[in-house]
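Engineer: Structure supplied as start25.cif; contents: mmCIF, C-alpha atoms.
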data_model
loop_
_atom_site.group_PDB
_atom_site.id
_atom_site.type_symbol
_atom_site.label_atom_id
_atom_site.label_comp_id
_atom_site.auth_asym_id
_atom_site.auth_seq_id
_atom_site.Cartn_x
_atom_site.Cartn_y
_atom_site.Cartn_z
ATOM 1 C CA MET A 1 19.705 38.581 3.181
ATOM 2 C CA PHE A 2 22.046 38.552 0.173
ATOM 3 C CA GLN A 3 20.267 39.648 -3.021
ATOM 4 C CA PRO A 4 22.424 39.038 -6.106
ATOM 5 C CA ASP A 5 22.172 41.478 -8.975
ATOM 6 C CA LYS A 6 19.675 40.084 -11.519
ATOM 7 C CA GLN A 7 21.890 41.099 -14.423
ATOM 8 C CA ILE A 8 24.809 39.093 -13.015
ATOM 9 C CA LEU A 9 22.558 36.053 -12.689
ATOM 10 C CA ILE A 10 21.449 36.381 -16.313
ATOM 11 C CA GLU A 11 25.046 36.801 -17.459
ATOM 12 C CA ILE A 12 26.313 33.654 -15.706
ATOM 13 C CA VAL A 13 23.990 31.505 -17.830
ATOM 14 C CA LYS A 14 25.097 33.242 -21.048
ATOM 15 C CA THR A 15 28.815 33.934 -20.522
ATOM 16 C CA ARG A 16 31.490 31.385 -21.383
ATOM 17 C CA MET A 17 34.755 30.853 -19.533
ATOM 18 C CA PRO A 18 37.382 32.711 -21.590
ATOM 19 C CA PHE A 19 40.432 30.609 -20.619
ATOM 20 C CA GLY A 20 41.769 27.546 -18.843
ATOM 21 C CA LYS A 21 40.684 23.955 -18.466
ATOM 22 C CA TYR A 22 36.994 24.828 -18.915
ATOM 23 C CA LYS A 23 37.424 27.383 -21.726
ATOM 24 C CA ASP A 24 34.144 27.891 -23.627
ATOM 25 C CA SER A 25 32.019 26.291 -20.861
ATOM 26 C CA LEU A 26 29.153 28.388 -19.546
ATOM 27 C CA LEU A 27 30.124 29.936 -16.219
ATOM 28 C CA CYS A 28 27.051 28.383 -14.597
ATOM 29 C CA ASP A 29 28.236 24.914 -15.702
ATOM 30 C CA LEU A 30 31.671 25.125 -14.076
ATOM 31 C CA PRO A 31 32.166 22.458 -11.413
ATOM 32 C CA VAL A 32 32.480 23.531 -7.790
ATOM 33 C CA SER A 33 35.887 21.821 -7.644
ATOM 34 C CA TYR A 34 37.219 24.242 -10.281
ATOM 35 C CA LEU A 35 35.809 27.237 -8.422
ATOM 36 C CA GLU A 36 37.345 25.936 -5.187
ATOM 37 C CA TRP A 37 40.672 25.634 -6.997
ATOM 38 C CA PHE A 38 40.500 29.363 -7.789
ATOM 39 C CA GLN A 39 39.892 30.055 -4.093
ATOM 40 C CA ARG A 40 42.925 27.984 -3.065
ATOM 41 C CA LYS A 41 45.125 29.681 -5.665
ATOM 42 C CA GLY A 42 44.502 33.168 -4.308
ATOM 43 C CA GLY A 43 40.979 33.991 -5.365
ATOM 44 C CA PHE A 44 38.997 34.753 -8.451
ATOM 45 C CA PRO A 45 40.388 37.008 -11.181
ATOM 46 C CA PRO A 46 39.766 40.734 -10.793
ATOM 47 C CA GLY A 47 36.882 42.521 -12.447
ATOM 48 C CA LYS A 48 33.587 41.364 -13.843
ATOM 49 C CA LEU A 49 34.658 37.769 -14.533
ATOM 50 C CA GLY A 50 35.806 37.344 -10.951
ATOM 51 C CA MET A 51 32.505 38.670 -9.656
ATOM 52 C CA GLN A 52 30.598 36.286 -11.924
ATOM 53 C CA LEU A 53 32.709 33.307 -10.832
ATOM 54 C CA ALA A 54 32.267 34.243 -7.171
ATOM 55 C CA THR A 55 28.504 34.382 -7.727
ATOM 56 C CA VAL A 56 28.468 30.908 -9.299
ATOM 57 C CA PHE A 57 30.595 29.631 -6.414
ATOM 58 C CA GLU A 58 28.225 31.070 -3.807
ATOM 59 C CA ILE A 59 25.180 29.623 -5.552
ATOM 60 C CA LYS A 60 26.668 26.162 -5.935
ATOM 61 C CA SER A 61 28.369 25.952 -2.553
ATOM 62 C CA ASN A 62 25.096 26.876 -0.837
ATOM 63 C CA GLY A 63 23.003 24.313 -2.700
ATOM 64 C CA LEU A 64 21.061 26.907 -4.692
ATOM 65 C CA GLU A 65 21.537 25.384 -8.157
ATOM 66 C CA GLU A 66 17.783 25.635 -8.719
ATOM 67 C CA ILE A 67 18.396 29.334 -9.465
ATOM 68 C CA ILE A 68 20.723 28.345 -12.299
ATOM 69 C CA TYR A 69 18.339 25.716 -13.693
ATOM 70 C CA LYS A 70 15.476 28.222 -13.833
ATOM 71 C CA LEU A 71 17.620 30.903 -15.460
ATOM 72 C CA LYS A 72 18.904 28.474 -18.081
ATOM 73 C CA LYS A 73 15.345 27.438 -18.958
ATOM 74 C CA MET A 74 14.277 31.090 -19.221
ATOM 75 C CA ASN A 75 17.306 31.873 -21.376
ATOM 76 C CA LEU A 76 16.507 29.014 -23.769
ATOM 77 C CA ARG A 77 12.978 30.308 -24.222
ATOM 78 C CA GLY A 78 14.339 33.744 -25.023
#
Please go through the file and, once you have read it, give me the structure as structure tokens.
Structural biologist:
Amino acid sequence: MFQPDKQILIEIVKTRMPFGKYKDSLLCDLPVSYLEWFQRKGGFPPGKLGMQLATVFEIKSNGLEEIIYKLKKMNLRG
């Protein structure tokens, strides 16, 4: 079974999109339609950001948003 890196999961609720239509939105808050657009346009950007976006896409496209909700609550509490 796929086990995402815990650090990546923490980062997707803290990191903001650095460019584009959703600039300054938290990666975890990006809509699936935007992530699908990346897929259609040739894939996610290279490097860490691409890995983070791919992780958000996998979570959302598999109906696992509960992971994101829990992480956001934990992050707010510190």
Engineer: Find the axis-aligned box for stretch 44-49 of chain A, covering all its listed atoms and adding 6 Å on each side, and write its centre and edge lengths in Å to one decimal as AutoDock Vina command-line options.
Structural biologist:
--center_x 37.0 --center_y 38.6 --center_z -11.5 --size_x 18.8 --size_y 19.8 --size_z 18.1
Engineer: Determine the residue membership of the PyMOL selection byres ((chain A and resi 57) around 12) for the file above and supply it as a JSON list (two decimals) with C-alpha atoms, in the frame of the given file.
Structural biologist:
[["chain", "number", "residue", "atom", "x", "y", "z"],
["A", 12, "ILE", "CA", 26.31, 33.65, -15.71],
["A", 27, "LEU", "CA", 30.12, 29.94, -16.22],
["A", 28, "CYS", "CA", 27.05, 28.38, -14.60],
["A", 29, "ASP", "CA", 28.24, 24.91, -15.70],
["A", 30, "LEU", "CA", 31.67, 25.12, -14.08],
["A", 31, "PRO", "CA", 32.17, 22.46, -11.41],
["A", 32, "VAL", "CA", 32.48, 23.53, -7.79],
["A", 33, "SER", "CA", 35.89, 21.82, -7.64],
["A", 34, "TYR", "CA", 37.22, 24.24, -10.28],
["A", 35, "LEU", "CA", 35.81, 27.24, -8.42],
["A", 36, "GLU", "CA", 37.34, 25.94, -5.19],
["A", 37, "TRP", "CA", 40.67, 25.63, -7.00],
["A", 38, "PHE", "CA", 40.50, 29.36, -7.79],
["A", 39, "GLN", "CA", 39.89, 30.06, -4.09],
["A", 43, "GLY", "CA", 40.98, 33.99, -5.36],
["A", 44, "PHE", "CA", 39.00, 34.75, -8.45],
["A", 50, "GLY", "CA", 35.81, 37.34, -10.95],
["A", 51, "MET", "CA", 32.51, 38.67, -9.66],
["A", 52, "GLN", "CA", 30.60, 36.29, -11.92],
["A", 53, "LEU", "CA", 32.71, 33.31, -10.83],
["A", 54, "ALA", "CA", 32.27, 34.24, -7.17],
["A", 55, "THR", "CA", 28.50, 34.38, -7.73],
["A", 56, "VAL", "CA", 28.47, 30.91, -9.30],
["A", 58, "GLU", "CA", 28.22, 31.07, -3.81],
["A", 59, "ILE", "CA", 25.18, 29.62, -5.55],
["A", 60, "LYS", "CA", 26.67, 26.16, -5.94],
["A", 61, "SER", "CA", 28.37, 25.95, -2.55],
["A", 62, "ASN", "CA", 25.10, 26.88, -0.84],
["A", 63, "GLY", "CA", 23.00, 24.31, -2.70],
["A", 64, "LEU", "CA", 21.06, 26.91, -4.69],
["A", 65, "GLU", "CA", 21.54, 25.38, -8.16],
["A", 68, "ILE", "CA", 20.72, 28.34, -12.30]]
Engineer: Atom CA of A:Pro46 and atom CA of A:Met74, how far apart in Å?
Structural biologist: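 Value for the atom CA of A:Met74-atom CA of A:Pro46 distance: 28.5 Å.
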Engineer: Could you spell out the hits of the PyMOL selection byres ((chain A and resi 16) around 7) on the shown file, as a ChimeraX atom specification?
Structural biologist: /A:14-15,17-18,24-27
Engineer: Please, what distance in Å, to one decimal, runs between atom CA of A:Leu9 and atom CA of A:Leu49?
Structural biologist: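 Distance reported for this atom pair: 12.4 Å.
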Engineer: How many Å separate atom CA of A:Pro45 from atom CA of A:Lys73?
Structural biologist: 27.9 Å
